[in-house]
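J.: The following file, my_file-v2.cif, comprises mmCIF, C-alpha atoms:
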data_final
#
loop_
_atom_site.label_atom_id
_atom_site.label_comp_id
_atom_site.auth_asym_id
_atom_site.auth_seq_id
_atom_site.Cartn_x
_atom_site.Cartn_y
_atom_site.Cartn_z
CA MET A 358 0.00 0.00 0.00
CA ILE A 359 1.36 3.38 -0.90
CA GLN A 360 0.65 6.39 1.20
CA TYR A 361 1.68 9.21 -1.07
CA PRO A 362 2.96 12.13 0.89
CA THR A 363 0.86 14.87 -0.63
CA LYS A 364 0.17 17.97 1.39
CA LYS A 365 3.34 19.06 3.01
CA LYS A 366 2.10 20.94 6.04
CA THR A 367 -0.53 18.51 7.13
CA SER A 368 1.69 15.69 6.00
CA ASP A 369 4.26 16.29 8.71
CA GLN A 370 1.82 15.10 11.28
CA LYS A 371 -0.54 13.10 9.17
CA GLY A 372 2.21 11.74 6.97
CA ILE A 373 4.16 10.31 9.82
CA SER A 374 1.21 8.68 11.49
CA THR A 375 0.02 7.28 8.16
CA ARG A 376 3.45 5.90 7.44
CA ASN A 377 3.66 4.24 10.82
CA ARG A 378 0.24 2.79 10.40
CA GLY A 379 1.23 1.44 7.01
CA MET A 380 4.55 0.19 8.27
CA SER A 381 3.51 -2.35 10.82
CA LEU A 382 1.37 -4.51 8.53
CA GLU A 383 3.84 -4.06 5.70
CA HIS A 384 6.68 -4.86 8.07
CA ASP A 385 4.92 -8.01 9.30
CA LEU A 386 4.31 -9.09 5.73
CA ASN A 387 7.89 -8.46 4.66
CA LEU A 388 9.17 -10.58 7.52
CA THR A 389 6.59 -13.26 6.80
CA ASN A 390 7.44 -13.38 3.10
CA GLU A 391 11.13 -13.54 3.94
CA TYR A 392 10.37 -16.43 6.27
CA TYR A 393 8.44 -18.19 3.49
CA ARG A 394 11.36 -17.77 1.08
CA ILE A 395 13.95 -19.07 3.52
CA HIS A 396 11.82 -22.03 4.51
CA GLU A 397 10.85 -22.69 0.89
CA LEU A 398 7.14 -22.41 1.50
CA ALA A 399 6.41 -19.77 -1.12
CA ASN A 400 8.07 -17.15 -3.28
CA VAL A 401 6.29 -13.84 -2.84
CA HIS A 402 7.46 -10.28 -3.33
CA LYS A 403 6.17 -6.80 -2.77
CA LYS A 404 6.18 -4.96 -6.05
CA PRO A 405 8.20 -1.74 -6.20
CA THR A 406 6.21 1.49 -6.21
CA PRO A 407 5.83 2.63 -9.81
CA ILE A 408 7.69 5.89 -10.39
CA GLN A 409 7.76 8.04 -13.52
CA VAL A 410 11.32 9.21 -14.03
CA VAL A 411 11.57 12.57 -15.83
CA ALA A 412 15.19 13.64 -15.43
CA VAL A 413 18.41 11.88 -14.53
CA SER A 414 21.80 13.43 -13.92
CA TYR A 415 25.20 11.75 -13.84
CA PRO A 416 27.28 13.14 -10.98
CA SER A 417 29.94 10.52 -11.73
CA ARG A 418 30.56 8.05 -14.51
CA ASN A 419 29.01 5.10 -12.75
CA GLN A 420 26.13 6.71 -11.02
CA ALA A 421 22.73 7.75 -12.26
CA LYS A 422 20.97 10.17 -9.98
CA ILE A 423 17.27 10.74 -10.56
CA VAL A 424 16.55 14.43 -10.06
CA GLU A 425 12.93 14.65 -11.18
CA ALA A 426 10.35 11.90 -10.82
CA TYR A 427 6.74 11.40 -9.74
CA TYR A 428 4.75 8.64 -8.10
CA LYS A 429 2.39 6.84 -10.44
CA THR A 430 -0.89 5.24 -9.41
CA PRO A 431 -0.29 1.50 -9.21
CA SER A 432 -2.36 -0.53 -11.66
CA THR A 433 -1.95 -3.77 -9.75
CA THR A 434 -1.86 -4.93 -6.16
CA ASP A 435 1.22 -4.79 -3.97
CA TYR A 436 2.02 -8.48 -3.58
CA ASN A 437 2.08 -11.56 -5.74
CA GLY A 438 3.77 -14.91 -5.62
CA VAL A 439 3.72 -18.65 -6.08
CA THR A 440 3.15 -21.66 -3.86
CA GLN A 441 2.54 -25.22 -5.04
CA GLY A 442 2.69 -23.89 -8.61
CA VAL A 443 -0.36 -21.70 -8.05
CA TYR A 444 -0.33 -17.94 -8.57
CA PHE A 445 -1.58 -15.82 -5.67
CA ASP A 446 -2.08 -12.09 -5.47
CA PHE A 447 -3.18 -9.78 -2.69
CA GLU A 448 -3.52 -6.28 -1.40
CA ALA A 449 -2.91 -5.39 2.26
CA LYS A 450 -4.71 -2.61 4.11
CA GLU A 451 -4.65 -1.26 7.59
CA VAL A 452 -7.85 0.28 8.94
CA THR A 453 -7.91 2.78 11.77
CA ASP A 454 -11.69 3.08 11.86
CA GLN A 455 -12.99 0.79 14.58
CA GLN A 456 -16.20 -0.26 12.88
CA ARG A 457 -15.82 -0.30 9.12
CA PHE A 458 -13.57 -0.62 6.09
CA SER A 459 -14.14 2.20 3.64
CA LEU A 460 -14.36 1.01 0.03
CA GLN A 461 -12.55 4.15 -1.09
CA ARG A 462 -9.40 2.55 0.26
CA ILE A 463 -9.19 0.26 -2.78
CA HIS A 464 -8.61 1.67 -6.27
CA GLN A 465 -10.93 0.59 -9.04
CA HIS A 466 -8.07 -0.79 -11.13
CA GLN A 467 -6.92 -2.89 -8.19
CA ILE A 468 -10.42 -4.35 -8.01
CA ASP A 469 -10.30 -4.95 -11.76
CA HIS A 470 -6.91 -6.58 -11.37
CA LEU A 471 -8.09 -8.95 -8.63
CA ARG A 472 -11.19 -9.84 -10.65
CA ASP A 473 -8.89 -10.70 -13.51
CA ILE A 474 -6.78 -12.93 -11.28
CA VAL A 475 -9.93 -14.80 -10.24
CA LYS A 476 -10.82 -15.25 -13.92
CA HIS A 477 -7.43 -16.86 -14.52
CA LYS A 478 -7.96 -19.19 -11.55
CA GLY A 479 -5.33 -17.56 -9.38
CA CYS A 480 -5.85 -17.09 -5.65
CA ALA A 481 -6.87 -13.47 -5.01
CA PHE A 482 -7.43 -12.04 -1.55
CA LEU A 483 -7.07 -9.07 0.76
CA ILE A 484 -5.32 -8.87 4.08
CA ILE A 485 -7.15 -6.33 6.20
CA ARG A 486 -6.03 -5.32 9.66
CA PHE A 487 -8.29 -3.40 12.05
CA VAL A 488 -5.52 -1.69 13.97
CA LYS A 489 -7.53 -0.66 17.03
CA HIS A 490 -8.73 -4.23 17.55
CA ASP A 491 -5.35 -5.66 16.59
CA VAL A 492 -7.06 -8.24 14.39
CA THR A 493 -6.09 -9.22 10.85
CA PHE A 494 -8.45 -10.91 8.41
CA TYR A 495 -7.78 -13.13 5.42
CA VAL A 496 -10.44 -11.96 2.97
CA PRO A 497 -11.06 -14.14 -0.11
CA PHE A 498 -11.56 -11.68 -2.94
CA GLU A 499 -14.53 -13.55 -4.46
CA LYS A 500 -16.45 -13.10 -1.19
CA PHE A 501 -15.40 -9.50 -0.79
CA ASP A 502 -16.37 -8.69 -4.36
CA GLN A 503 -19.80 -10.25 -3.90
CA GLU A 504 -20.33 -8.17 -0.77
CA MET A 505 -19.18 -5.01 -2.55
CA LYS A 506 -21.64 -5.62 -5.36
CA SER A 507 -24.59 -6.37 -3.09
CA THR A 508 -24.15 -3.60 -0.54
CA GLN A 509 -25.52 -0.09 -0.97
CA ARG A 510 -23.01 1.34 1.46
CA ARG A 511 -19.61 2.78 0.76
CA SER A 512 -18.03 0.67 3.44
CA ILE A 513 -18.08 -2.86 4.80
CA PRO A 514 -18.61 -3.23 8.55
CA LEU A 515 -16.23 -5.04 10.86
CA THR A 516 -19.07 -7.42 11.73
CA TRP A 517 -19.08 -8.72 8.15
CA PHE A 518 -15.37 -9.59 8.37
CA GLN A 519 -15.93 -11.21 11.75
CA SER A 520 -18.69 -13.44 10.46
CA GLU A 521 -17.37 -14.18 6.96
CA CYS A 522 -13.58 -14.20 7.10
CA ALA A 523 -10.83 -16.11 8.86
CA ILE A 524 -8.51 -14.41 11.30
CA ILE A 525 -4.81 -14.64 10.53
CA GLN A 526 -2.96 -15.52 13.71
CA HIS A 527 -0.29 -13.07 14.79
CA GLY A 528 2.87 -14.84 15.81
CA PHE A 529 6.59 -14.54 16.13
CA ALA A 530 8.01 -16.46 13.16
CA PRO A 531 6.36 -15.82 10.84
CA PRO A 532 4.57 -12.77 12.26
CA LEU A 533 1.53 -13.19 10.01
CA HIS A 534 1.09 -16.74 8.80
CA TYR A 535 -1.43 -16.29 5.99
CA LEU A 536 -0.19 -19.12 3.78
CA PRO A 537 -2.35 -21.91 5.28
CA HIS A 538 -5.38 -19.98 3.98
CA VAL A 539 -3.90 -19.95 0.49
CA HIS A 540 -3.19 -23.67 0.68
CA GLN A 541 -6.73 -24.27 1.88
CA TRP A 542 -8.03 -22.31 -1.12
CA ILE A 543 -5.84 -24.36 -3.48
CA LYS A 544 -7.10 -27.57 -1.93
CA GLU A 545 -10.74 -26.56 -2.27
CA THR A 546 -10.29 -25.22 -5.78
CA TYR A 547 -8.05 -27.79 -7.42
CA GLU A 548 -8.70 -31.02 -5.56
CA LYS A 549 -12.45 -31.16 -5.97
CA MET B 849 40.97 20.98 -24.60
CA ILE B 850 38.88 19.67 -27.39
CA GLN B 851 38.41 16.34 -25.68
CA TYR B 852 35.24 17.37 -23.88
CA PRO B 853 32.85 17.41 -26.83
CA THR B 854 34.21 14.06 -27.97
CA LYS B 855 33.53 12.54 -24.61
CA LYS B 856 30.08 13.99 -24.59
CA LYS B 857 29.24 12.55 -27.94
CA THR B 858 30.24 9.02 -26.99
CA SER B 859 28.12 9.03 -23.88
CA ASP B 860 25.11 10.43 -25.72
CA GLN B 861 25.36 7.82 -28.41
CA LYS B 862 25.93 5.03 -25.96
CA GLY B 863 22.93 6.04 -23.89
CA ILE B 864 20.60 6.22 -26.82
CA SER B 865 21.65 3.01 -28.50
CA THR B 866 21.31 1.02 -25.30
CA ARG B 867 17.86 2.39 -24.71
CA ASN B 868 16.72 1.57 -28.23
CA ARG B 869 18.05 -1.94 -28.03
CA GLY B 870 16.13 -2.54 -24.84
CA MET B 871 12.98 -0.94 -26.18
CA SER B 872 11.96 -3.15 -29.05
CA LEU B 873 11.74 -6.46 -27.19
CA GLU B 874 10.20 -4.71 -24.21
CA HIS B 875 7.78 -2.93 -26.51
CA ASP B 876 6.78 -6.20 -28.19
CA LEU B 877 6.25 -7.81 -24.79
CA ASN B 878 4.17 -4.92 -23.48
CA LEU B 879 1.89 -5.11 -26.51
CA THR B 880 1.70 -8.89 -26.23
CA ASN B 881 0.84 -8.79 -22.53
CA GLU B 882 -1.79 -6.13 -23.21
CA TYR B 883 -3.25 -8.38 -25.89
CA TYR B 884 -3.31 -11.29 -23.43
CA ARG B 885 -5.15 -9.19 -20.86
CA ILE B 886 -7.75 -7.91 -23.28
CA HIS B 887 -8.36 -11.36 -24.72
CA GLU B 888 -8.35 -12.93 -21.24
CA LEU B 889 -5.55 -15.35 -22.01
CA ALA B 890 -3.27 -14.38 -19.14
CA ASN B 891 -2.64 -11.64 -16.62
CA VAL B 892 0.99 -10.61 -16.77
CA HIS B 893 2.74 -7.39 -15.81
CA LYS B 894 6.16 -5.90 -16.04
CA LYS B 895 7.34 -5.02 -12.57
CA PRO B 896 8.29 -1.40 -11.96
CA THR B 897 11.99 -0.68 -11.71
CA PRO B 898 12.89 -0.48 -8.02
CA ILE B 899 13.93 3.03 -7.06
CA GLN B 900 15.29 4.24 -3.75
CA VAL B 901 13.70 7.60 -3.00
CA VAL B 902 15.90 9.88 -0.92
CA ALA B 903 14.23 13.29 -1.08
CA VAL B 904 10.77 14.54 -2.02
CA SER B 905 9.64 18.14 -2.41
CA TYR B 906 6.12 19.55 -2.57
CA PRO B 907 5.80 22.21 -5.27
CA SER B 908 2.05 22.32 -4.68
CA ARG B 909 -0.35 20.96 -2.12
CA ASN B 910 -1.34 17.91 -4.10
CA GLN B 911 1.87 17.02 -5.74
CA ALA B 912 4.87 15.10 -4.49
CA LYS B 913 7.96 15.64 -6.61
CA ILE B 914 10.87 13.27 -6.11
CA VAL B 915 14.08 15.30 -6.32
CA GLU B 916 16.66 12.73 -5.31
CA ALA B 917 16.46 9.01 -6.00
CA TYR B 918 18.59 6.14 -7.24
CA TYR B 919 18.01 2.98 -9.22
CA LYS B 920 18.26 -0.17 -7.14
CA THR B 921 19.40 -3.54 -8.47
CA PRO B 922 16.29 -5.64 -9.05
CA SER B 923 16.12 -8.77 -6.90
CA THR B 924 13.61 -10.50 -9.14
CA THR B 925 12.88 -10.80 -12.84
CA ASP B 926 10.98 -8.24 -14.87
CA TYR B 927 7.77 -10.12 -15.61
CA ASN B 928 5.41 -12.43 -13.82
CA GLY B 929 1.84 -13.49 -14.26
CA VAL B 930 -0.86 -16.12 -14.22
CA THR B 931 -2.53 -18.32 -16.80
CA GLN B 932 -4.73 -21.35 -16.07
CA GLY B 933 -4.06 -20.74 -12.38
CA VAL B 934 -0.34 -21.38 -12.83
CA TYR B 935 2.33 -18.86 -11.88
CA PHE B 936 4.87 -17.98 -14.56
CA ASP B 937 7.91 -15.77 -14.36
CA PHE B 938 10.49 -14.65 -16.90
CA GLU B 939 13.31 -12.36 -17.79
CA ALA B 940 13.70 -10.89 -21.29
CA LYS B 941 17.05 -10.06 -22.88
CA GLU B 942 18.16 -8.69 -26.19
CA VAL B 943 21.55 -9.81 -27.49
CA THR B 944 23.55 -7.80 -30.01
CA ASP B 945 26.37 -10.32 -30.26
CA GLN B 946 25.75 -12.51 -33.28
CA GLN B 947 27.11 -15.76 -31.87
CA ARG B 948 26.64 -15.93 -28.11
CA PHE B 949 24.72 -14.89 -25.06
CA SER B 950 27.02 -13.64 -22.31
CA LEU B 951 26.12 -15.04 -18.90
CA GLN B 952 27.08 -11.73 -17.31
CA ARG B 953 23.80 -10.40 -18.69
CA ILE B 954 21.85 -12.16 -15.93
CA HIS B 955 22.30 -11.18 -12.29
CA GLN B 956 23.01 -13.92 -9.77
CA HIS B 957 19.92 -13.04 -7.72
CA GLN B 958 17.77 -13.29 -10.83
CA ILE B 959 19.13 -16.79 -11.35
CA ASP B 960 18.42 -17.57 -7.68
CA HIS B 961 14.93 -16.17 -8.11
CA LEU B 962 14.18 -18.32 -11.16
CA ARG B 963 15.56 -21.41 -9.40
CA ASP B 964 13.23 -20.66 -6.55
CA ILE B 965 10.26 -20.40 -8.92
CA VAL B 966 11.14 -23.83 -10.33
CA LYS B 967 11.23 -25.21 -6.78
CA HIS B 968 7.72 -23.92 -6.21
CA LYS B 969 6.54 -25.56 -9.44
CA GLY B 970 6.03 -22.30 -11.28
CA CYS B 971 6.89 -21.93 -14.95
CA ALA B 972 10.25 -20.12 -15.21
CA PHE B 973 11.84 -19.14 -18.50
CA LEU B 974 13.85 -16.58 -20.42
CA ILE B 975 12.95 -14.80 -23.62
CA ILE B 976 16.17 -14.14 -25.52
CA ARG B 977 16.30 -12.23 -28.77
CA PHE B 978 19.35 -12.28 -31.03
CA VAL B 979 18.78 -8.89 -32.60
CA LYS B 980 21.06 -9.28 -35.62
CA HIS B 981 19.34 -12.53 -36.61
CA ASP B 982 15.92 -11.19 -35.66
CA VAL B 983 15.14 -14.42 -33.86
CA THR B 984 13.56 -14.79 -30.41
CA PHE B 985 13.86 -17.94 -28.30
CA TYR B 986 11.65 -19.32 -25.57
CA VAL B 987 14.20 -20.74 -23.12
CA PRO B 988 12.90 -23.02 -20.35
CA PHE B 989 14.88 -22.03 -17.29
CA GLU B 990 15.51 -25.62 -16.13
CA LYS B 991 17.31 -26.32 -19.42
CA PHE B 992 19.23 -23.07 -19.36
CA ASP B 993 20.28 -23.63 -15.76
CA GLN B 994 21.56 -27.10 -16.57
CA GLU B 995 23.58 -25.71 -19.45
CA MET B 996 24.98 -22.92 -17.27
CA LYS B 997 26.09 -25.45 -14.66
CA SER B 998 27.70 -27.81 -17.15
CA THR B 999 29.53 -25.32 -19.34
CA GLN B 1000 32.98 -23.96 -18.53
CA ARG B 1001 32.40 -20.89 -20.68
CA ARG B 1002 31.06 -17.54 -19.66
CA SER B 1003 28.58 -17.51 -22.50
CA ILE B 1004 26.12 -19.79 -24.25
CA PRO B 1005 26.44 -20.01 -28.03
CA LEU B 1006 23.60 -19.26 -30.44
CA THR B 1007 23.86 -22.85 -31.70
CA TRP B 1008 22.76 -24.14 -28.30
CA PHE B 1009 19.60 -22.04 -28.44
CA GLN B 1010 18.99 -23.17 -32.02
CA SER B 1011 19.19 -26.83 -31.13
CA GLU B 1012 17.58 -26.79 -27.67
CA CYS B 1013 14.96 -24.03 -27.63
CA ALA B 1014 11.77 -23.16 -29.46
CA ILE B 1015 11.53 -20.03 -31.57
CA ILE B 1016 8.76 -17.61 -30.66
CA GLN B 1017 7.00 -16.52 -33.81
CA HIS B 1018 6.97 -12.79 -34.48
CA GLY B 1019 3.55 -11.61 -35.53
CA PHE B 1020 1.22 -8.66 -35.65
CA ALA B 1021 -1.29 -9.30 -32.86
CA PRO B 1022 0.21 -10.32 -30.55
CA PRO B 1023 3.73 -9.37 -31.70
CA LEU B 1024 5.42 -12.13 -29.67
CA HIS B 1025 3.08 -14.99 -28.92
CA TYR B 1026 5.01 -16.83 -26.19
CA LEU B 1027 1.99 -18.13 -24.26
CA PRO B 1028 1.55 -21.42 -26.17
CA HIS B 1029 4.96 -22.44 -24.81
CA VAL B 1030 3.80 -21.75 -21.27
CA HIS B 1031 0.63 -23.76 -21.87
CA GLN B 1032 2.70 -26.59 -23.28
CA TRP B 1033 4.86 -26.54 -20.15
CA ILE B 1034 1.75 -26.63 -17.95
CA LYS B 1035 0.38 -29.55 -19.91
CA GLU B 1036 3.60 -31.51 -19.64
CA THR B 1037 4.09 -30.69 -15.96
CA TYR B 1038 0.61 -31.03 -14.55
CA GLU B 1039 -1.19 -33.46 -16.80
CA LYS B 1040 1.25 -36.32 -16.55
#
Can you present the structure in this file as structure tokens?

T.:
Amino acid sequence: MIQYPTKKKTSDQKGISTRNRGMSLEHDLNLTNEYYRIHELANVHKKPTPIQVVAVSYPSRNQAKIVEAYYKTPSTTDYNGVTQGVYFDFEAKEVTDQQRFSLQRIHQHQIDHLRDIVKHKGCAFLIIRFVKHDVTFYVPFEKFDQEMKSTQRRSIPLTWFQSECAIIQHGFAPPLHYLPHVHQWIKETYEK
Amino acid sequence: MIQYPTKKKTSDQKGISTRNRGMSLEHDLNLTNEYYRIHELANVHKKPTPIQVVAVSYPSRNQAKIVEAYYKTPSTTDYNGVTQGVYFDFEAKEVTDQQRFSLQRIHQHQIDHLRDIVKHKGCAFLIIRFVKHDVTFYVPFEKFDQEMKSTQRRSIPLTWFQSECAIIQHGFAPPLHYLPHVHQWIKETYEK
């Protein structure tokens, strides 16, 4: 998830808190993915933030220094990878609101991307953490998409996640062991 | 001294020619992947180049302008995607040498990455174009890796590609239809 630092003045306060908020889930996921790589459970990477480079200077022969560039809106999700040959793809979001997940938090082209992954029989999901409750959900995208389409609201309440989604256990190593849910999905999808 | 303009010229030429070389295969692949998305054959994306952002300025309230950043060495390949539920992952290289592909062209961590994909039963390959012959090979990574391990040389000759690898047909839409080779791999790997 990319929190673009936009407004400078507000951003000093807001920016920092947003970054911290974003960091802990991202940090947990980075450690978890590293753990998966080392233990040969999955290969999954966070995609780099797309940046439009406008100007580059060469302060020395071997160094390219980018001196003008802008953040681009990502057209895909942040993470994708492979386990048991199967492609999986997810977006991770932290929520500070205690009661609901605002649908504005997900870009339309990320939704389109995840729908496309489902079409190609990949495993698409969201990892959503309600920070104030310190609870993290594994949200199958098919379910989430159905709920999005059927609801009239612009948000999905915490209660929906509690009744429809599995909780990812927080731990030490790995900090956020989401992979069993992916394996469960693979089992249900491919071994029927 | 009159050496300065000479120096400048070389670097300008060098920069441009390298960029052009890289462009045409990349351009073909971008169009091909776009075609695959539109026609719902696969979902595959080129990963953004990883960039380390050092300093950002805010010329206006809504705009973040990156004013100091550096290219990072990518730890993965350039492309990955999904078709028929299966994860695939590849690196694309253009070769100007007429007779051989230099192994220095591939980073060690890209090799490690592709080996890891193979371990997880994903489809890993290279797309290598010999520009002067206008021929593009689909190179299964398992085969390539075996050859790399067994050879004493620091390059792999064109003749090896000609005898061991399939040629990807150049076309109009899509310009570089590599997907049948991926489907063939899936068939051979999963339908045994």

J.: Return the single residue from A:Asp446, A:Asp435, A:Asp502, A:Asp454 that is closest to Glu383 of chain A, with distances computed using only C-alpha atoms.

T.: A:Asp435

J.: What are the centre and the three edge lengths of an axis-aligned box that wraps all atoms of segment 918-926 of chain B in the file, given that 8 Å is added to every side, written as JSON and rounded to one decimal in Å?

T.:
{"center_x": 15.2, "center_y": -2.3, "center_z": -10.9, "size_x": 24.4, "size_y": 32.9, "size_z": 24.0}

J.: Excluding Phe518 of chain A and residues on its chain fewer than 2 positions from it, collect all residues at most 10 Å away from it, counting only C-alpha atoms, and give them as a PDB file with C-alpha atoms, in the frame of the given file.

T.:
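Below you can see selection.pdb, which holds the result:
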ATOM      1  CA  ARG A 457     -15.820  -0.300   9.120  1.00  0.00           C
ATOM      2  CA  PHE A 458     -13.570  -0.620   6.090  1.00  0.00           C
ATOM      3  CA  ILE A 485      -7.150  -6.330   6.200  1.00  0.00           C
ATOM      4  CA  THR A 493      -6.090  -9.220  10.850  1.00  0.00           C
ATOM      5  CA  PHE A 494      -8.450 -10.910   8.410  1.00  0.00           C
ATOM      6  CA  TYR A 495      -7.780 -13.130   5.420  1.00  0.00           C
ATOM      7  CA  VAL A 496     -10.440 -11.960   2.970  1.00  0.00           C
ATOM      8  CA  PHE A 501     -15.400  -9.500  -0.790  1.00  0.00           C
ATOM      9  CA  ILE A 513     -18.080  -2.860   4.800  1.00  0.00           C
ATOM     10  CA  PRO A 514     -18.610  -3.230   8.550  1.00  0.00           C
ATOM     11  CA  LEU A 515     -16.230  -5.040  10.860  1.00  0.00           C
ATOM     12  CA  THR A 516     -19.070  -7.420  11.730  1.00  0.00           C
ATOM     13  CA  SER A 520     -18.690 -13.440  10.460  1.00  0.00           C
ATOM     14  CA  GLU A 521     -17.370 -14.180   6.960  1.00  0.00           C
ATOM     15  CA  CYS A 522     -13.580 -14.200   7.100  1.00  0.00           C
ATOM     16  CA  ALA A 523     -10.830 -16.110   8.860  1.00  0.00           C
ATOM     17  CA  ILE A 524      -8.510 -14.410  11.300  1.00  0.00           C
TER      18      ILE A 524
END

J.: Residues of chain A that have any atom at most 8 Å from an atom of chain B: could you tabulate them with the shortest-distance atom pair and the distance in Å to one decimal, using all atoms listed in the file, ordered by chain and increasing number, as a Markdown table?

T.:
| residue | atom | partner | partner_atom | distance |
| --- | --- | --- | --- | --- |
| A:Tyr361 | CA | B:Ala912 | CA | 7.5 |
| A:Pro362 | CA | B:Ala912 | CA | 6.4 |
| A:Thr363 | CA | B:Asn910 | CA | 5.1 |
| A:Lys364 | CA | B:Arg909 | CA | 4.6 |
| A:Lys365 | CA | B:Tyr906 | CA | 6.3 |
| A:Glu397 | CA | B:His968 | CA | 7.9 |
| A:Leu398 | CA | B:His968 | CA | 7.9 |
| A:Ala399 | CA | B:His968 | CA | 6.7 |
| A:Asn400 | CA | B:Ile965 | CA | 6.9 |
| A:Lys404 | CA | B:Lys895 | CA | 6.6 |
| A:Pro405 | CA | B:Pro898 | CA | 5.2 |
| A:Thr406 | CA | B:Pro896 | CA | 6.8 |
| A:Pro407 | CA | B:Pro896 | CA | 5.2 |
| A:Ile408 | CA | B:Pro896 | CA | 7.5 |
| A:Ala421 | CA | B:Tyr918 | CA | 6.7 |
| A:Lys422 | CA | B:Tyr918 | CA | 5.4 |
| A:Ile423 | CA | B:Ala917 | CA | 4.9 |
| A:Val424 | CA | B:Val915 | CA | 4.6 |
| A:Glu425 | CA | B:Val915 | CA | 5.0 |
| A:Ala426 | CA | B:Ile914 | CA | 4.9 |
| A:Tyr427 | CA | B:Lys913 | CA | 5.4 |
| A:Tyr428 | CA | B:Ala912 | CA | 7.4 |
| A:Gly438 | CA | B:Tyr935 | CA | 7.5 |
| A:Val439 | CA | B:Tyr935 | CA | 6.0 |
| A:Thr440 | CA | B:His968 | CA | 5.6 |
| A:Gln441 | CA | B:His968 | CA | 5.5 |
| A:Gly442 | CA | B:Lys969 | CA | 4.3 |
| A:Val443 | CA | B:Val934 | CA | 4.8 |
| A:Tyr444 | CA | B:Tyr935 | CA | 4.3 |
| A:Phe445 | CA | B:Tyr935 | CA | 7.9 |
| A:Asp473 | CA | B:Asn891 | CA | 7.0 |
| A:Ile474 | CA | B:Asn891 | CA | 6.9 |
| A:His477 | CA | B:Gln932 | CA | 5.5 |
| A:Lys478 | CA | B:Gly933 | CA | 4.3 |
| A:Gly479 | CA | B:Gly933 | CA | 4.6 |
| A:Cys480 | CA | B:Gly933 | CA | 7.9 |

J.: To one decimal place in Å, what is the distance between atom CA of Glu448 of chain A and atom CA of Tyr392 of chain A?

T.: 18.8 Å

J.: Taking the file above as input, evaluate the PyMOL selection byres ((chain A and resi 490) around 10) and report the hits as a PyMOL selection string.

T.: chain A and resi 452-456+486-489+491-493

J.: Quick one: residues within 12 Å of Gln503 of chain A, only C-alpha atoms counted, chain neighbours fewer than 4 positions away excluded, as a PyMOL selection string?

T.: chain A and resi 468+472+496-499+507-508+513+521

J.: Would you output that residue set with C-alpha atoms, as an mmCIF file, keeping the file's coordinate frame?

T.:
data_model
loop_
_atom_site.group_PDB
_atom_site.id
_atom_site.type_symbol
_atom_site.label_atom_id
_atom_site.label_comp_id
_atom_site.auth_asym_id
_atom_site.auth_seq_id
_atom_site.Cartn_x
_atom_site.Cartn_y
_atom_site.Cartn_z
ATOM 1 C CA ILE A 468 -10.420 -4.350 -8.010
ATOM 2 C CA ARG A 472 -11.190 -9.840 -10.650
ATOM 3 C CA VAL A 496 -10.440 -11.960 2.970
ATOM 4 C CA PRO A 497 -11.060 -14.140 -0.110
ATOM 5 C CA PHE A 498 -11.560 -11.680 -2.940
ATOM 6 C CA GLU A 499 -14.530 -13.550 -4.460
ATOM 7 C CA SER A 507 -24.590 -6.370 -3.090
ATOM 8 C CA THR A 508 -24.150 -3.600 -0.540
ATOM 9 C CA ILE A 513 -18.080 -2.860 4.800
ATOM 10 C CA GLU A 521 -17.370 -14.180 6.960
#

J.: I'd like the interatomic distance between atom CA of Glu942 of chain B and atom CA of Ile975 of chain B, to a tenth of an Å.

T.: 8.4 Å

J.: How far is it from atom CA of Glu504 of chain A to atom CA of Val539 of chain A, in Å with one decimal?

T.: 20.3 Å

J.: So which residues get picked by the PyMOL selection byres ((chain A and resi 388) around 12) here, written as a list in words?

T.: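 Against this file, the PyMOL selection byres ((chain A and resi 388) around 12) returns the residues Met380, Ser381, Leu382, Glu383, His384, Asp385, Leu386, Asn387, Thr389, Asn390, Glu391, Tyr392, Tyr393, Arg394, Ile395, Val401, His402, Lys403, Gly528, Phe529, Ala530, Pro531, Pro532, Leu533 and His534 of chain A.
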
J.: Could you write out that same residue set with C-alpha atoms as a compact mmCIF listing (two decimals), in the coordinates of the input?

T.:
# COMPACT_ATOMS: atom_id res chain seq x y z
CA MET A 380 4.55 0.19 8.27
CA SER A 381 3.51 -2.35 10.82
CA LEU A 382 1.37 -4.51 8.53
CA GLU A 383 3.84 -4.06 5.70
CA HIS A 384 6.68 -4.86 8.07
CA ASP A 385 4.92 -8.01 9.30
CA LEU A 386 4.31 -9.09 5.73
CA ASN A 387 7.89 -8.46 4.66
CA THR A 389 6.59 -13.26 6.80
CA ASN A 390 7.44 -13.38 3.10
CA GLU A 391 11.13 -13.54 3.94
CA TYR A 392 10.37 -16.43 6.27
CA TYR A 393 8.44 -18.19 3.49
CA ARG A 394 11.36 -17.77 1.08
CA ILE A 395 13.95 -19.07 3.52
CA VAL A 401 6.29 -13.84 -2.84
CA HIS A 402 7.46 -10.28 -3.33
CA LYS A 403 6.17 -6.80 -2.77
CA GLY A 528 2.87 -14.84 15.81
CA PHE A 529 6.59 -14.54 16.13
CA ALA A 530 8.01 -16.46 13.16
CA PRO A 531 6.36 -15.82 10.84
CA PRO A 532 4.57 -12.77 12.26
CA LEU A 533 1.53 -13.19 10.01
CA HIS A 534 1.09 -16.74 8.80

J.: Using all atoms listed in the file, which of A:Thr430, A:Gln461, A:Ala449, A:Ala481 sits nearest Ser512 of chain A?

T.: A:Gln461
